[in-house]
file model11.csv (CSV, C-alpha atoms and all ligand atoms)
chain,number,residue,atom,x,y,z
A,61,MET,CA,100.9,83.1,221.2
A,62,THR,CA,101.9,84.3,217.7
A,63,VAL,CA,99.9,83.2,214.6
A,64,SER,CA,102.7,80.9,213.5
A,65,GLU,CA,102.6,79.1,216.9
A,66,LEU,CA,98.9,78.2,216.7
A,67,PRO,CA,98.0,74.6,215.7
A,68,LEU,CA,97.5,74.3,211.9
A,69,MET,CA,94.2,73.0,210.6
A,70,VAL,CA,94.2,72.1,206.8
A,71,VAL,CA,90.7,72.4,205.2
A,72,MET,CA,90.2,70.6,201.9
A,73,GLY,CA,87.6,71.8,199.4
A,74,ALA,CA,87.5,75.1,201.1
A,75,THR,CA,85.5,76.9,198.4
A,76,GLY,CA,82.8,74.2,198.3
A,77,THR,CA,79.5,73.6,199.9
A,78,GLN,CA,80.7,71.3,202.6
A,79,CYS,CA,83.8,73.1,203.8
A,80,ARG,CA,83.5,76.8,202.9
A,81,GLY,CA,81.3,77.6,205.8
A,82,MET,CA,83.5,75.9,208.4
A,83,LEU,CA,86.2,78.6,207.8
A,84,LEU,CA,84.0,81.0,209.8
A,85,PRO,CA,83.7,79.2,213.2
A,86,LEU,CA,87.3,78.0,213.0
A,87,LEU,CA,88.6,81.6,212.4
A,88,GLN,CA,86.1,83.1,215.0
A,89,CYS,CA,87.4,80.9,217.8
A,90,GLU,CA,91.0,82.2,217.4
A,91,ARG,CA,92.6,78.9,218.5
A,92,TYR,CA,93.8,77.7,215.1
A,93,ARG,CA,95.5,78.9,212.0
A,94,ILE,CA,93.8,77.6,208.8
A,95,ARG,CA,95.3,76.5,205.5
A,96,ALA,CA,92.4,76.5,203.0
A,97,LEU,CA,93.0,74.3,199.9
A,98,THR,CA,91.7,75.0,196.4
A,99,ARG,CA,92.9,74.2,192.9
A,100,ASP,CA,93.3,77.9,192.0
A,101,THR,CA,94.0,80.5,194.6
A,102,ALA,CA,93.2,83.3,192.1
A,103,SER,CA,89.7,81.9,191.2
A,104,ASP,CA,86.4,83.7,191.6
A,105,SER,CA,85.2,81.3,194.2
A,106,VAL,CA,88.3,82.1,196.4
A,107,SER,CA,87.7,85.9,195.9
A,108,ARG,CA,84.0,85.4,196.9
A,109,THR,CA,85.0,83.4,200.0
A,110,LYS,CA,87.6,86.0,201.0
A,111,SER,CA,85.1,88.9,200.5
A,112,TRP,CA,82.5,87.1,202.6
A,113,LEU,CA,84.9,86.3,205.4
A,114,GLU,CA,86.2,90.0,205.4
A,115,SER,CA,82.6,91.2,205.7
A,116,VAL,CA,81.8,89.0,208.8
A,117,LEU,CA,85.0,88.7,210.7
A,118,PRO,CA,86.8,91.3,212.8
A,119,ALA,CA,90.0,92.9,211.4
A,120,GLY,CA,93.0,90.7,211.9
A,121,ALA,CA,91.2,87.4,211.9
A,122,LEU,CA,92.2,86.7,208.3
A,123,GLU,CA,95.9,86.7,209.4
A,124,ARG,CA,95.1,83.2,210.6
A,125,LEU,CA,94.1,82.1,207.1
A,126,GLU,CA,96.3,81.1,204.2
A,127,TRP,CA,95.1,79.8,200.8
A,128,MET,CA,97.2,77.1,199.1
A,129,ALA,CA,96.8,75.5,195.7
A,130,CYS,CA,96.4,71.7,195.8
A,131,ASP,CA,95.3,69.1,193.4
A,132,ILE,CA,93.7,66.1,195.1
A,133,MET,CA,94.6,64.0,192.0
A,134,SER,CA,98.3,64.3,192.9
A,135,LEU,CA,99.9,62.6,195.9
A,136,GLU,CA,102.8,65.0,195.7
A,137,SER,CA,100.5,68.0,195.8
A,138,LEU,CA,98.5,66.6,198.8
A,139,THR,CA,101.7,65.8,200.7
A,140,ARG,CA,102.9,69.4,200.2
A,141,ALA,CA,99.5,70.8,201.3
A,142,PHE,CA,99.5,68.7,204.5
A,143,ASN,CA,103.0,69.6,205.5
A,144,GLY,CA,103.1,70.8,209.1
A,145,ALA,CA,99.4,70.1,209.7
A,146,HIS,CA,98.2,69.2,213.1
A,147,TYR,CA,94.6,68.6,212.0
A,148,ILE,CA,93.1,68.0,208.6
A,149,TYR,CA,89.5,68.1,207.4
A,150,ALA,CA,89.5,65.8,204.4
A,151,MET,CA,86.9,65.2,201.8
A,152,THR,CA,86.5,63.9,198.2
A,153,ARG,CA,84.3,65.1,195.4
A,154,ASP,CA,81.7,62.7,194.1
A,155,SER,CA,82.6,60.8,190.9
A,156,TYR,CA,80.0,58.9,188.9
A,157,PRO,CA,80.6,55.8,186.7
A,158,PRO,CA,79.7,56.4,183.0
A,159,ARG,CA,76.0,55.6,182.6
A,160,ASP,CA,76.5,53.0,179.9
A,161,ALA,CA,79.6,51.3,181.4
A,162,PRO,CA,79.6,48.3,183.8
A,163,TYR,CA,79.3,49.4,187.4
A,164,PRO,CA,82.9,49.5,188.8
A,165,ASP,CA,84.0,48.5,192.3
A,166,HIS,CA,85.4,51.9,192.9
A,167,THR,CA,85.7,55.3,191.1
A,168,GLU,CA,88.1,58.2,191.3
A,169,GLN,CA,86.7,59.0,194.8
A,170,TYR,CA,88.1,55.9,196.4
A,171,HIS,CA,91.6,56.4,194.8
A,172,THR,CA,91.6,60.0,196.0
A,173,GLY,CA,90.8,58.8,199.5
A,174,LEU,CA,93.8,56.4,199.4
A,175,ARG,CA,96.0,59.3,198.2
A,176,ILE,CA,94.8,61.4,201.1
A,177,LEU,CA,95.6,58.5,203.4
A,178,GLU,CA,99.2,58.2,202.1
A,179,ALA,CA,99.8,61.9,202.3
A,180,ALA,CA,98.4,62.0,205.9
A,181,LEU,CA,100.6,59.0,207.0
A,182,ALA,CA,103.6,61.0,205.7
A,183,THR,CA,102.6,64.1,207.8
A,184,SER,CA,104.7,63.7,211.0
A,185,THR,CA,103.0,66.6,212.8
A,186,LEU,CA,99.5,65.2,212.3
A,187,LYS,CA,97.4,64.7,215.5
A,188,MET,CA,94.1,63.9,213.8
A,189,LEU,CA,92.5,63.7,210.4
A,190,PHE,CA,88.7,64.2,210.2
A,191,TRP,CA,87.4,62.2,207.3
A,192,SER,CA,84.1,63.1,205.6
A,193,VAL,CA,82.5,59.6,205.6
A,194,LEU,CA,79.1,58.2,204.6
A,195,GLN,CA,77.4,54.8,205.3
A,196,ASP,CA,78.4,51.5,203.7
A,197,ALA,CA,75.4,51.1,201.5
A,198,GLY,CA,75.8,47.3,201.2
A,199,LYS,CA,75.6,46.9,205.0
A,200,ALA,CA,72.7,49.5,205.1
A,201,THR,CA,70.6,47.5,202.6
A,202,ASP,CA,71.5,43.9,203.4
A,203,GLY,CA,73.7,43.7,200.3
A,204,LYS,CA,71.0,45.0,197.9
A,205,LEU,CA,72.5,48.3,196.9
A,206,ARG,CA,76.1,49.7,196.5
A,207,VAL,CA,75.6,53.5,196.2
A,208,LEU,CA,79.3,54.2,195.3
A,209,THR,CA,79.2,57.8,196.5
A,210,PHE,CA,78.5,56.4,200.0
A,211,THR,CA,80.3,53.1,200.1
A,212,GLU,CA,83.6,54.4,198.7
A,213,LYS,CA,83.9,56.8,201.6
A,214,ALA,CA,83.3,53.9,204.1
A,215,ASP,CA,85.8,51.8,202.2
A,216,VAL,CA,88.4,54.5,202.6
A,217,PHE,CA,87.6,54.9,206.3
A,218,ARG,CA,88.1,51.1,206.8
A,219,GLU,CA,91.5,51.4,205.0
A,220,MET,CA,92.5,54.3,207.2
A,221,LEU,CA,91.8,52.3,210.3
A,222,LYS,CA,93.6,49.3,208.9
A,223,ARG,CA,96.7,51.4,208.3
A,224,GLY,CA,96.7,52.9,211.8
A,225,LEU,CA,95.9,56.5,210.8
A,226,LYS,CA,94.5,58.7,213.6
A,227,VAL,CA,91.2,59.5,212.1
A,228,VAL,CA,87.7,60.5,213.2
A,229,GLY,CA,84.8,59.9,210.7
A,230,VAL,CA,82.5,62.9,210.3
A,231,ALA,CA,79.1,61.9,208.8
A,232,PRO,CA,77.1,64.9,207.5
A,233,GLY,CA,73.5,64.4,206.6
A,234,TRP,CA,71.6,65.7,203.5
A,235,PHE,CA,73.0,69.2,202.7
A,236,MET,CA,70.3,71.9,203.1
A,237,GLN,CA,72.1,73.6,200.1
A,238,ASN,CA,70.9,70.7,197.8
A,239,LEU,CA,67.8,72.8,197.3
A,240,LEU,CA,69.8,75.7,195.9
A,241,PRO,CA,70.5,75.9,192.2
A,242,VAL,CA,74.2,75.7,191.2
A,243,PRO,CA,74.8,78.0,188.2
A,244,GLY,CA,76.2,76.1,185.2
A,245,CYS,CA,75.5,72.8,187.0
A,246,HIS,CA,71.9,72.3,187.8
A,247,GLU,CA,68.7,74.3,187.8
A,248,ASN,CA,66.5,75.1,190.7
A,249,PRO,CA,65.4,71.7,192.1
A,250,VAL,CA,62.1,73.3,193.0
A,251,GLN,CA,60.3,74.4,189.9
A,252,LYS,CA,57.1,76.3,189.2
A,253,ALA,CA,54.1,73.8,189.1
A,254,LYS,CA,53.0,72.8,185.6
A,255,ASP,CA,49.4,74.0,186.4
A,256,GLY,CA,50.8,77.4,187.4
A,257,ASN,CA,49.7,76.8,191.0
A,258,GLY,CA,52.7,77.3,193.3
A,259,TYR,CA,55.9,75.2,193.2
A,260,GLU,CA,56.8,71.5,193.0
A,261,HIS,CA,59.7,69.6,194.4
A,262,ARG,CA,59.9,66.5,192.2
A,263,LEU,CA,61.7,63.5,193.7
A,264,PRO,CA,61.6,59.7,193.2
A,265,TYR,CA,60.9,58.7,196.8
A,266,SER,CA,58.2,59.1,199.4
A,267,PRO,CA,58.0,62.7,200.6
A,268,ASP,CA,57.4,61.4,204.1
A,269,LEU,CA,60.8,59.6,204.5
A,270,PRO,CA,62.7,61.3,207.2
A,271,PHE,CA,66.5,61.9,206.9
A,272,ARG,CA,69.2,63.9,208.7
A,273,VAL,CA,69.6,67.4,207.4
A,274,THR,CA,72.8,69.4,207.7
A,275,ASP,CA,74.1,73.0,207.1
A,276,PRO,CA,77.5,71.4,206.3
A,277,GLY,CA,80.1,74.1,206.8
A,278,HIS,CA,78.4,75.7,209.7
A,279,ASP,CA,77.4,72.5,211.6
A,280,ILE,CA,80.7,70.7,210.9
A,281,GLY,CA,82.7,73.7,211.9
A,282,THR,CA,80.7,74.0,215.2
A,283,MET,CA,81.2,70.3,215.8
A,284,LEU,CA,85.0,70.5,215.2
A,285,LEU,CA,85.5,73.1,217.8
A,286,TRP,CA,84.1,70.6,220.3
A,287,ALA,CA,85.9,67.6,218.8
A,288,ILE,CA,89.4,68.9,218.3
A,289,PRO,CA,90.3,69.4,222.0
A,290,GLN,CA,89.3,65.8,222.7
A,291,ALA,CA,90.2,64.3,219.4
A,292,ASP,CA,92.1,61.3,220.9
A,293,SER,CA,88.9,60.0,222.6
A,294,LEU,CA,87.1,60.1,219.2
A,295,ASN,CA,89.9,58.2,217.3
A,296,HIS,CA,88.4,55.6,214.9
A,297,LYS,CA,84.8,56.6,215.9
A,298,ILE,CA,82.2,58.4,213.8
A,299,VAL,CA,80.5,61.7,214.7
A,300,PRO,CA,77.2,62.2,212.8
A,301,VAL,CA,76.5,65.9,212.1
A,302,GLY,CA,73.1,67.4,211.4
A,303,SER,CA,70.3,69.4,213.0
A,304,ARG,CA,67.6,66.8,213.0
A,305,LEU,CA,65.6,64.4,210.9
A,306,MET,CA,63.2,66.0,208.4
A,307,SER,CA,61.1,64.7,205.5
A,308,THR,CA,60.9,66.3,202.1
A,309,ARG,CA,57.3,67.3,203.0
A,310,GLU,CA,58.5,69.2,206.1
A,311,ILE,CA,61.3,70.8,204.1
A,312,CYS,CA,58.8,72.0,201.5
A,313,GLN,CA,56.5,73.4,204.2
A,314,ALA,CA,59.5,75.3,205.6
A,315,VAL,CA,60.2,76.9,202.3
A,316,GLY,CA,56.5,77.9,202.0
A,317,GLU,CA,52.9,76.5,201.9
A,318,ASP,CA,52.9,77.0,198.1
A,319,VAL,CA,55.7,74.4,197.7
A,320,LYS,CA,54.5,70.8,197.3
A,321,PRO,CA,56.5,67.6,197.1
A,322,VAL,CA,55.7,65.4,194.1
A,323,GLN,CA,56.8,61.8,193.9
A,324,ILE,CA,57.8,60.9,190.4
A,325,GLY,CA,58.7,57.6,188.7
A,326,ARG,CA,62.2,56.2,188.1
A,327,GLU,CA,62.3,56.8,184.4
A,328,GLU,CA,61.4,60.4,184.8
A,329,ALA,CA,64.0,60.8,187.5
A,330,LEU,CA,66.7,59.3,185.4
A,331,LYS,CA,66.2,62.1,182.9
A,332,PHE,CA,67.9,64.5,185.3
A,333,MET,CA,69.6,62.2,187.9
A,334,ASP,CA,72.6,59.9,187.9
A,335,PRO,CA,71.7,56.2,188.6
A,336,VAL,CA,73.9,56.3,191.7
A,337,ASP,CA,71.9,59.2,193.1
A,338,LEU,CA,68.7,57.3,192.3
A,339,GLU,CA,70.1,54.3,194.3
A,340,MET,CA,70.9,56.6,197.1
A,341,MET,CA,67.2,57.6,197.2
A,342,ASP,CA,66.2,54.0,197.2
A,343,MET,CA,68.4,53.5,200.2
A,344,LEU,CA,66.4,56.1,202.2
A,345,GLY,CA,63.5,53.6,202.1
A,346,TYR,CA,65.5,50.9,204.0
A,347,ASP,CA,64.7,50.6,207.7
A,348,LYS,CA,67.5,51.8,210.0
A,349,TRP,CA,69.8,52.2,207.0
A,350,GLU,CA,71.8,55.0,208.8
A,351,GLU,CA,72.7,52.8,211.8
A,352,LYS,CA,73.2,49.7,209.8
A,353,GLY,CA,75.5,51.5,207.3
A,354,PHE,CA,77.8,52.3,210.2
A,355,GLN,CA,77.4,49.1,212.2
A,356,GLU,CA,81.1,48.3,212.3
A,357,TRP,CA,82.0,51.5,214.1
A,358,GLN,CA,81.1,53.4,217.3
A,359,LEU,CA,78.9,56.5,216.7
A,360,VAL,CA,79.4,59.5,219.1
A,361,GLU,CA,76.7,62.2,219.0
A,362,PRO,CA,78.1,65.6,220.3
A,363,PRO,CA,76.4,66.9,223.4
A,364,LYS,CA,73.3,69.0,223.3
A,365,GLU,CA,75.1,72.3,224.0
A,366,VAL,CA,77.0,71.7,220.6
A,367,THR,CA,74.0,70.5,218.6
A,368,ASP,CA,71.9,73.4,219.9
A,369,ARG,CA,74.3,75.7,218.0
A,370,TYR,CA,73.7,73.9,214.6
A,371,SER,CA,71.6,75.7,212.0
A,372,ASP,CA,67.8,75.4,212.5
A,373,PRO,CA,66.6,73.8,209.3
A,374,VAL,CA,63.2,75.4,209.3
A,375,LYS,CA,64.7,78.8,209.7
A,376,TRP,CA,67.4,78.0,207.1
A,377,HIS,CA,64.8,77.1,204.5
A,378,GLN,CA,62.6,80.1,205.3
A,379,ASP,CA,65.7,82.4,205.0
A,380,HIS,CA,66.6,80.9,201.6
A,381,ARG,CA,63.1,80.9,200.1
A,382,LYS,CA,63.9,83.3,197.4
A,383,GLU,CA,67.1,81.5,196.2
A,384,ILE,CA,65.4,78.1,196.3
A,385,LEU,CA,62.4,79.4,194.2
A,386,GLY,CA,64.7,81.4,191.9
A,387,MET,CA,62.9,84.7,192.7
B,1,LIG,N1,75.1,66.9,198.9
B,1,LIG,C1,74.9,66.2,200.0
B,1,LIG,O1,73.8,66.2,200.6
B,1,LIG,C2,76.0,65.5,200.7
B,1,LIG,C3,75.9,64.9,201.9
B,1,LIG,C4,77.0,64.3,202.5
B,1,LIG,C5,78.2,64.2,201.9
B,1,LIG,N2,78.3,64.8,200.6
B,1,LIG,C6,79.6,64.7,199.9
B,1,LIG,O2,80.2,66.0,199.8
B,1,LIG,C7,81.2,66.0,198.7
B,1,LIG,C8,80.9,67.2,197.9
B,1,LIG,O3,81.3,68.3,198.6
B,1,LIG,P1,80.8,69.7,198.2
B,1,LIG,O4,79.3,69.7,198.1
B,1,LIG,O5,81.5,70.7,199.1
B,1,LIG,O6,81.3,69.9,196.7
B,1,LIG,P2,81.4,71.2,195.9
B,1,LIG,O7,80.6,72.3,196.5
B,1,LIG,O8,81.2,70.7,194.5
B,1,LIG,O9,82.9,71.6,196.1
B,1,LIG,C9,84.0,70.8,195.6
B,1,LIG,C10,85.2,71.3,196.3
B,1,LIG,O10,86.3,70.4,195.9
B,1,LIG,C11,87.4,71.2,195.3
B,1,LIG,N3,88.0,70.4,194.3
B,1,LIG,C12,87.4,69.9,193.2
B,1,LIG,N4,88.3,69.2,192.4
B,1,LIG,C13,89.5,69.4,193.1
B,1,LIG,C14,90.9,69.0,192.8
B,1,LIG,N5,91.2,68.3,191.7
B,1,LIG,N6,91.8,69.3,193.7
B,1,LIG,C15,91.5,70.1,194.8
B,1,LIG,N7,90.3,70.5,195.1
B,1,LIG,C16,89.3,70.2,194.2
B,1,LIG,C17,86.7,72.5,194.8
B,1,LIG,O11,87.7,73.5,195.0
B,1,LIG,P3,88.1,74.5,193.8
B,1,LIG,O12,87.0,74.6,192.8
B,1,LIG,O13,88.2,75.8,194.6
B,1,LIG,O14,89.4,74.0,193.3
B,1,LIG,C18,85.6,72.7,195.8
B,1,LIG,O15,86.1,73.4,197.0
B,1,LIG,C19,80.9,64.7,197.9
B,1,LIG,O16,81.8,63.7,198.2
B,1,LIG,C20,79.5,64.2,198.5
B,1,LIG,O17,79.3,62.8,198.5
B,1,LIG,C21,77.3,65.5,200.0

call {"tool": "encode", "arguments": {"input": "model11.csv", "output": "structure tokens", "more": "lines below"}}
Ligand SMILES: NC(=O)c1ccc[n+]([C@@H]2O[C@H](COP(=O)([O-])OP(=O)(O)OC[C@H]3O[C@@H](n4cnc5c(N)ncnc54)[C@H](OP(=O)(O)O)[C@@H]3O)[C@@H](O)[C@H]2O)c1
result
Amino acid sequence: MTVSELPLMVVMGATGTQCRGMLLPLLQCERYRIRALTRDTASDSVSRTKSWLESVLPAGALERLEWMACDIMSLESLTRAFNGAHYIYAMTRDSYPPRDAPYPDHTEQYHTGLRILEAALATSTLKMLFWSVLQDAGKATDGKLRVLTFTEKADVFREMLKRGLKVVGVAPGWFMQNLLPVPGCHENPVQKAKDGNGYEHRLPYSPDLPFRVTDPGHDIGTMLLWAIPQADSLNHKIVPVGSRLMSTREICQAVGEDVKPVQIGREEALKFMDPVDLEMMDMLGYDKWEEKGFQEWQLVEPPKEVTDRYSDPVKWHQDHRKEILGM
């Protein structure tokens, strides 16, 4: 089969934390050609992603990868980027309401999701769209919280089902990469302790609450290789993705014995955290919030031979100790 005859998988946000890593397993398997979307094909992040893939893939694998410029704010741009796609991995970036404005029903994220839906419905070749979804926070918390970054993704999934789109919800857990600093965006989440004794991970919730952790690109890419050949049987269902449940205390221990979780108050947290993120952390304290937030839909866990190939979170945190601690 020539490269142009292979099924086409479109990957949105291909330079970002969630999707960059999935380019590797998808290209390694040789069964798909990939169209990676970015705002600017000449950006530093595209160059870095290309160099990384060149360094880990055999010669010739990159012939199955094309980069295309796409702006998720434009329906026309999305429709062009989806043209000829057999599979699409679709995601939105978070958007936060202004701190001093009334809490809206939806933000940019929801409207981007609806544009993705329209563009996908116009893609006649499409066999399945994989939608990066999260729990409906209202259902998860018996109507107490809204957590827009979560609920909007569930609202879009509901709309996709209503409009008859062939879609599988992909539900990643807490990204392991959240502990890494993002230059120009946020500092190391783990800081030197004020008393000079080791390091502190300061967060406004109990360090013993367990949640699902995910190495997003790697784990989702691994899951997709299992899901795509049987995509029809997963239609309108949700596949959770993540290695296993871990608490912040266990995560800190994995980075090193000198890293301690410290629970801080809400006012202090709001100095460096959006109110929506604080709500998300409140949600972690609700019993069975993960299942309740998806109660309308059927969840399908991939088989053990797939989940065994996910990143081991203890090893991941050990391997990234220096970056996490800013050494
Ligand atoms: N952090 C977590 O624990 C977690 C867990 C589950 C789900 N999520 C969800 O993951 C999403 C964030 O993903 P991420 O961490 O991969 O984000 P990220 O690292 O900030 O990357 C954002 C990506 O979106 C692309 N992008 C931004 N604006 C765009 C535009 N106008 N048009 C086209 N592409 C655009 C960027 O591409 P270019 O810069 O190359 O254009 C980049 O590839 C959020 O919706 C969040 O709720 C996060």

call {"tool": "closest_residue", "arguments": {"input": "model11.csv", "among": "A:Leu385, A:Leu177, A:Val315, A:Met128", "to": "Lys226 in chain A", "atoms": "only C-alpha atoms"}}
result
A:Leu177

call {"tool": "closest_residue", "arguments": {"input": "model11.csv", "among": "A:Pro162, A:Trp112, A:Leu263, A:Ala96", "to": "Leu330 in chain A", "atoms": "all atoms listed in the file"}}
result
A:Leu263

call {"tool": "residues_around", "arguments": {"input": "model11.csv", "residues": "range 141-146 of chain A", "least_positions_apart": "3", "cutoff": "7 Å", "atoms": "only C-alpha atoms", "output": "PyMOL selection string"}}
result
chain A and resi 67-70+130+137-138+180+183+185-188

call {"tool": "closest_atom_pairs", "arguments": {"input": "model11.csv", "of": "chain A", "to": "ligand LIG 1 (chain B)", "cutoff": "7 Å", "atoms": "all atoms listed in the file", "output": "tab-separated table"}}
result
residue	atom	partner	partner_atom	distance
A:Met72	CA	B:LIG1	N7	6.8
A:Gly73	CA	B:LIG1	O15	3.3
A:Ala74	CA	B:LIG1	O15	4.7
A:Thr75	CA	B:LIG1	O15	3.8
A:Gly76	CA	B:LIG1	O9	3.4
A:Thr77	CA	B:LIG1	O5	3.6
A:Gln78	CA	B:LIG1	O5	3.6
A:Cys79	CA	B:LIG1	O5	5.8
A:Leu97	CA	B:LIG1	N7	6.7
A:Thr98	CA	B:LIG1	O14	4.0
A:Arg99	CA	B:LIG1	O14	3.5
A:Asp100	CA	B:LIG1	O14	5.7
A:Ser105	CA	B:LIG1	O13	6.3
A:Val106	CA	B:LIG1	O13	6.6
A:Cys130	CA	B:LIG1	C15	5.3
A:Asp131	CA	B:LIG1	N6	3.5
A:Ile132	CA	B:LIG1	N6	4.0
A:Met133	CA	B:LIG1	N5	5.5
A:Met151	CA	B:LIG1	O16	6.4
A:Thr152	CA	B:LIG1	O16	4.7
A:Arg153	CA	B:LIG1	O16	4.0
A:Asp154	CA	B:LIG1	O16	4.2
A:Leu194	CA	B:LIG1	C5	6.6
A:Thr209	CA	B:LIG1	O17	5.4
A:Phe210	CA	B:LIG1	O17	6.6
A:Pro232	CA	B:LIG1	C4	5.0
A:Gly233	CA	B:LIG1	C3	5.3
A:Trp234	CA	B:LIG1	O1	3.7
A:Phe235	CA	B:LIG1	O1	3.7
A:Asn238	CA	B:LIG1	N1	5.8

call {"tool": "write_last_selection", "arguments": {"input": "model11.csv", "atoms": "C-alpha atoms", "output": "CSV table (one decimal), in the frame of the given file"}}
result
chain,number,residue,atom,x,y,z
A,72,MET,CA,90.2,70.6,201.9
A,73,GLY,CA,87.6,71.8,199.4
A,74,ALA,CA,87.5,75.1,201.1
A,75,THR,CA,85.5,76.9,198.4
A,76,GLY,CA,82.8,74.2,198.3
A,77,THR,CA,79.5,73.6,199.9
A,78,GLN,CA,80.7,71.3,202.6
A,79,CYS,CA,83.8,73.1,203.8
A,97,LEU,CA,93.0,74.3,199.9
A,98,THR,CA,91.7,75.0,196.4
A,99,ARG,CA,92.9,74.2,192.9
A,100,ASP,CA,93.3,77.9,192.0
A,105,SER,CA,85.2,81.3,194.2
A,106,VAL,CA,88.3,82.1,196.4
A,130,CYS,CA,96.4,71.7,195.8
A,131,ASP,CA,95.3,69.1,193.4
A,132,ILE,CA,93.7,66.1,195.1
A,133,MET,CA,94.6,64.0,192.0
A,151,MET,CA,86.9,65.2,201.8
A,152,THR,CA,86.5,63.9,198.2
A,153,ARG,CA,84.3,65.1,195.4
A,154,ASP,CA,81.7,62.7,194.1
A,194,LEU,CA,79.1,58.2,204.6
A,209,THR,CA,79.2,57.8,196.5
A,210,PHE,CA,78.5,56.4,200.0
A,232,PRO,CA,77.1,64.9,207.5
A,233,GLY,CA,73.5,64.4,206.6
A,234,TRP,CA,71.6,65.7,203.5
A,235,PHE,CA,73.0,69.2,202.7
A,238,ASN,CA,70.9,70.7,197.8

call {"tool": "atom_distance", "arguments": {"input": "model11.csv", "atom1": "CA of Arg272 in chain A", "atom2": "CA of Arg218 in chain A"}}
result
22.9 Å

call {"tool": "atom_distance", "arguments": {"input": "model11.csv", "atom1": "CA of Leu269 in chain A", "atom2": "CA of Thr201 in chain A"}}
result
15.7 Å

call {"tool": "atom_distance", "arguments": {"input": "model11.csv", "atom1": "CA of Asn248 in chain A", "atom2": "CA of Pro264 in chain A"}}
result
16.4 Å

call {"tool": "residues_around", "arguments": {"input": "model11.csv", "residues": "His278 in chain A", "least_positions_apart": "4", "cutoff": "7 Å", "atoms": "all atoms listed in the file", "output": "list in words"}}
result
Gly81, Met82 and Thr282 of chain A
